[in-house]
Amino acid sequence: MVRNTHAGHAGRRVRVIGGVGALAIALTLAGCGSSGGSSVGSYGFPQVTQDDKAAITVWVDSDRSGAADAFKKANPGVKLNVVTYDGSSNGSNSFRTKIQLFDRAGSGWPDVVFSTQNNDAAWASQKSNGKQAFAAVLNGGLVPKTTLDNFTQGSLAPCTVEGKVYCLRNDLAQAVLWYNKSLLDKFGYSVPTTWEEYQALGEKVAKEHPGYIVGTVGDAWTPEVFFWGSKCQANDITGPKSVTVNTDSTECKRAASMLDVLIKNGTTPNVSVFTPEFVKKYSDKVLLMPGPAWYAGAIFNNPQSLNVPKGQLGVAAPPAWQGDSAVTGNVGGGTWFVSSHSKNLKAAEKFVEFVTTADDYQVNVAPGYPAYASAADKWIKKQESSGYYATDLQALIKAGSQIWSGWGSGVFSQEAIWAKTITPAIAGGKNLVDLLPEWETAIKNQAQVNGYTVK
């Protein structure tokens, strides 16, 4: 079943998410003829002398241990040291912190790292205190172009900085419209295809079936579902250290205005989906729920959550705003990095290509919707054959290529900003429309703290 592919999602509210210059020349000269030397390789970054027989160290979170197992089974000749860590989940930022320590020590870097975050390429692609960037450039010949081209359109955007690809996406977390087909049929309602229809249905539900809900705003990824899907320019990362923030737009205001109506009438409560309160109050009461692909298994088909029976859960494409093309947001989806310091780039590349594209993992084992297009098609067919869903899952495929490119992946966490600034204000009874300027200021301030130029 589809489920949350981010370790720690269920227990959290906030998720935190060049040239080589004189240093590289010095390293090259110092390392000539030595096994530990560094040279500007053919892949677009300085690399140490390679050893195709060297073991590679791979960092995974607990949910991705199956990826390492599948690779070992398919590639018994590759020496692999697997280290389990938290995947930077729950805002720990452990990936970056550990790499900074290795940078200072000048050794110890892992060859491959999995992260639950989509914003790690923003820092891993950059030099740190004059030290070589951790992430290897993947589209300079290290990963075949045919492989890169076969990822779902737009899925590698969080991995791409100034035209260079620094990571491969493990899975997508595209937002779709989940719904209870049995309840909709019982009440005589149709699945909304526009956000205007969605709001109208929410208003109707409030009057005709009070207590039932059409969504929630209690989690830190609320803006990634509703505002990203409305083309709100709150997080337009335009360069490695530049961002455009403008919440005073029609696109931002229409989403905020809609949510204000639905929050006030009780159909979109300010309650996290991962709380006992949500399960107690809304089991059998969720009519609709805009949210990421992993909601299916993390919330609906989960005995510890809503536990929706077989044959009731349906999925529809993301609604469009009237007169506008439909786009959607993304809530998570993991990333795989190859270290530019690796002594065995050949094996490291083989590993990341396998775990992101091979059926042995992505189709047969992986819990989330694969970012690699052909694996995603097969994965969908496997899920549909389970007989759990009330509809086909083609909406997931459609939404996978509709993720709006105007919402970027900066170093700073949009979810942390929302949780700190907006969630408490909603609880205090404030309107989202009125909170938009405060949200913009908070984003700008956090971006500037992280060294961004804000427009």
# chains A, B, ... in the order shown; residues from 1 in each chain; ligands from 1

$ select_by_dssp --residues "segment 47-169 of chain A" --states "helix (DSSP H, G or I)" --output "ChimeraX atom specification"
/A:62-74,89-91,94-105,121-124,145-149,157-159

$ residues_around --residues "Met258 of chain A" --least-positions-apart "6" --cutoff "10 Å" --atoms "only C-alpha atoms" --output "ChimeraX atom specification"
/A:195-196,198-200,202,226,432-433

$ atom_distance --atom1 "atom CA of Ala70 of chain A" --atom2 "atom CA of Val113 of chain A"
16.2 Å

$ atom_distance --atom1 "atom CA of Arg169 of chain A" --atom2 "atom CA of Asn118 of chain A"
8.6 Å

$ residues_around --residues "Thr268 of chain A" --least-positions-apart "6" --cutoff "10 Å" --atoms "only C-alpha atoms" --output "PDB file with N, CA and C atoms, in the first residue's frame"
ATOM      1  N   GLY A 202     -17.580  21.888   0.668  1.00  0.00           N
ATOM      2  CA  GLY A 202     -17.293  22.045   2.092  1.00  0.00           C
ATOM      3  C   GLY A 202     -18.388  22.833   2.806  1.00  0.00           C
ATOM      4  N   ALA A 206     -20.963  21.289   5.698  1.00  0.00           N
ATOM      5  CA  ALA A 206     -21.114  21.933   7.009  1.00  0.00           C
ATOM      6  C   ALA A 206     -22.587  22.068   7.395  1.00  0.00           C
ATOM      7  N   TYR A 212     -18.546  16.089   9.599  1.00  0.00           N
ATOM      8  CA  TYR A 212     -17.711  15.521   8.544  1.00  0.00           C
ATOM      9  C   TYR A 212     -16.737  16.583   8.034  1.00  0.00           C
ATOM     10  N   ILE A 213     -15.580  16.138   7.531  1.00  0.00           N
ATOM     11  CA  ILE A 213     -14.561  17.104   7.110  1.00  0.00           C
ATOM     12  C   ILE A 213     -14.114  16.855   5.668  1.00  0.00           C
ATOM     13  N   VAL A 214     -13.540  17.918   5.069  1.00  0.00           N
ATOM     14  CA  VAL A 214     -13.053  17.844   3.685  1.00  0.00           C
ATOM     15  C   VAL A 214     -11.550  18.126   3.598  1.00  0.00           C
ATOM     16  N   GLY A 215     -10.890  18.214   4.747  1.00  0.00           N
ATOM     17  CA  GLY A 215      -9.451  18.466   4.780  1.00  0.00           C
ATOM     18  C   GLY A 215      -9.029  18.897   6.169  1.00  0.00           C
ATOM     19  N   THR A 216      -7.731  19.204   6.319  1.00  0.00           N
ATOM     20  CA  THR A 216      -7.220  19.727   7.584  1.00  0.00           C
ATOM     21  C   THR A 216      -6.158  20.777   7.300  1.00  0.00           C
ATOM     22  N   VAL A 217      -5.909  21.632   8.302  1.00  0.00           N
ATOM     23  CA  VAL A 217      -4.830  22.634   8.190  1.00  0.00           C
ATOM     24  C   VAL A 217      -3.915  22.558   9.413  1.00  0.00           C
ATOM     25  N   GLY A 218      -3.941  21.428  10.110  1.00  0.00           N
ATOM     26  CA  GLY A 218      -3.216  21.323  11.367  1.00  0.00           C
ATOM     27  C   GLY A 218      -1.785  20.842  11.267  1.00  0.00           C
ATOM     28  N   LEU A 259      -9.676  28.665   2.551  1.00  0.00           N
ATOM     29  CA  LEU A 259      -9.425  27.983   3.821  1.00  0.00           C
ATOM     30  C   LEU A 259     -10.086  28.702   4.985  1.00  0.00           C
ATOM     31  N   ASP A 260     -10.142  30.028   4.940  1.00  0.00           N
ATOM     32  CA  ASP A 260     -10.809  30.770   6.008  1.00  0.00           C
ATOM     33  C   ASP A 260     -12.269  30.338   6.148  1.00  0.00           C
ATOM     34  N   VAL A 261     -12.936  30.168   5.015  1.00  0.00           N
ATOM     35  CA  VAL A 261     -14.346  29.744   5.031  1.00  0.00           C
ATOM     36  C   VAL A 261     -14.469  28.340   5.622  1.00  0.00           C
ATOM     37  N   LEU A 262     -13.595  27.433   5.182  1.00  0.00           N
ATOM     38  CA  LEU A 262     -13.711  26.029   5.594  1.00  0.00           C
ATOM     39  C   LEU A 262     -13.214  25.788   7.019  1.00  0.00           C
ATOM     40  N   LEU A 288     -13.391  14.090   2.281  1.00  0.00           N
ATOM     41  CA  LEU A 288     -12.338  14.419   1.322  1.00  0.00           C
ATOM     42  C   LEU A 288     -11.076  14.773   2.090  1.00  0.00           C
ATOM     43  N   MET A 289      -9.921  14.627   1.433  1.00  0.00           N
ATOM     44  CA  MET A 289      -8.678  15.019   2.083  1.00  0.00           C
ATOM     45  C   MET A 289      -7.608  15.309   1.027  1.00  0.00           C
TER      46      MET A 289
END

$ closest_residue --among "A:Phe134, A:Trp404, A:Trp439, A:Phe95" --to "Ala256 of chain A" --atoms "only C-alpha atoms"
A:Trp439

$ atom_distance --atom1 "atom CA of Asn246 of chain A" --atom2 "atom CA of Ala419 of chain A"
18.9 Å

$ closest_atom_pairs --of "segment 230-287 of chain A" --to "segment 299-309 of chain A" --cutoff "9 Å" --atoms "only C-alpha atoms" --output "CSV"
residue,atom,partner,partner_atom,distance
A:Val273,CA,A:Ile299,CA,7.5
A:Phe274,CA,A:Ser305,CA,7.9
A:Thr275,CA,A:Ser305,CA,8.8
A:Pro276,CA,A:Ser305,CA,8.3
A:Phe278,CA,A:Ser305,CA,8.6
A:Val279,CA,A:Ser305,CA,5.8
A:Lys280,CA,A:Leu306,CA,8.9
A:Tyr282,CA,A:Leu306,CA,7.8
A:Ser283,CA,A:Leu306,CA,5.1
A:Asp284,CA,A:Leu306,CA,7.3
A:Val286,CA,A:Leu306,CA,8.7

$ residues_around --residues "segment 310-320 of chain A" --least-positions-apart "6" --cutoff "6 Å" --atoms "only C-alpha atoms" --output "list in words"
Val176, Leu177, Trp178, Tyr179, Asn180, Lys181, Ser182, Thr193, Thr194, Trp195, Ala326, Tyr388, Tyr389, Ala390, Thr391 and Ala395 of chain A
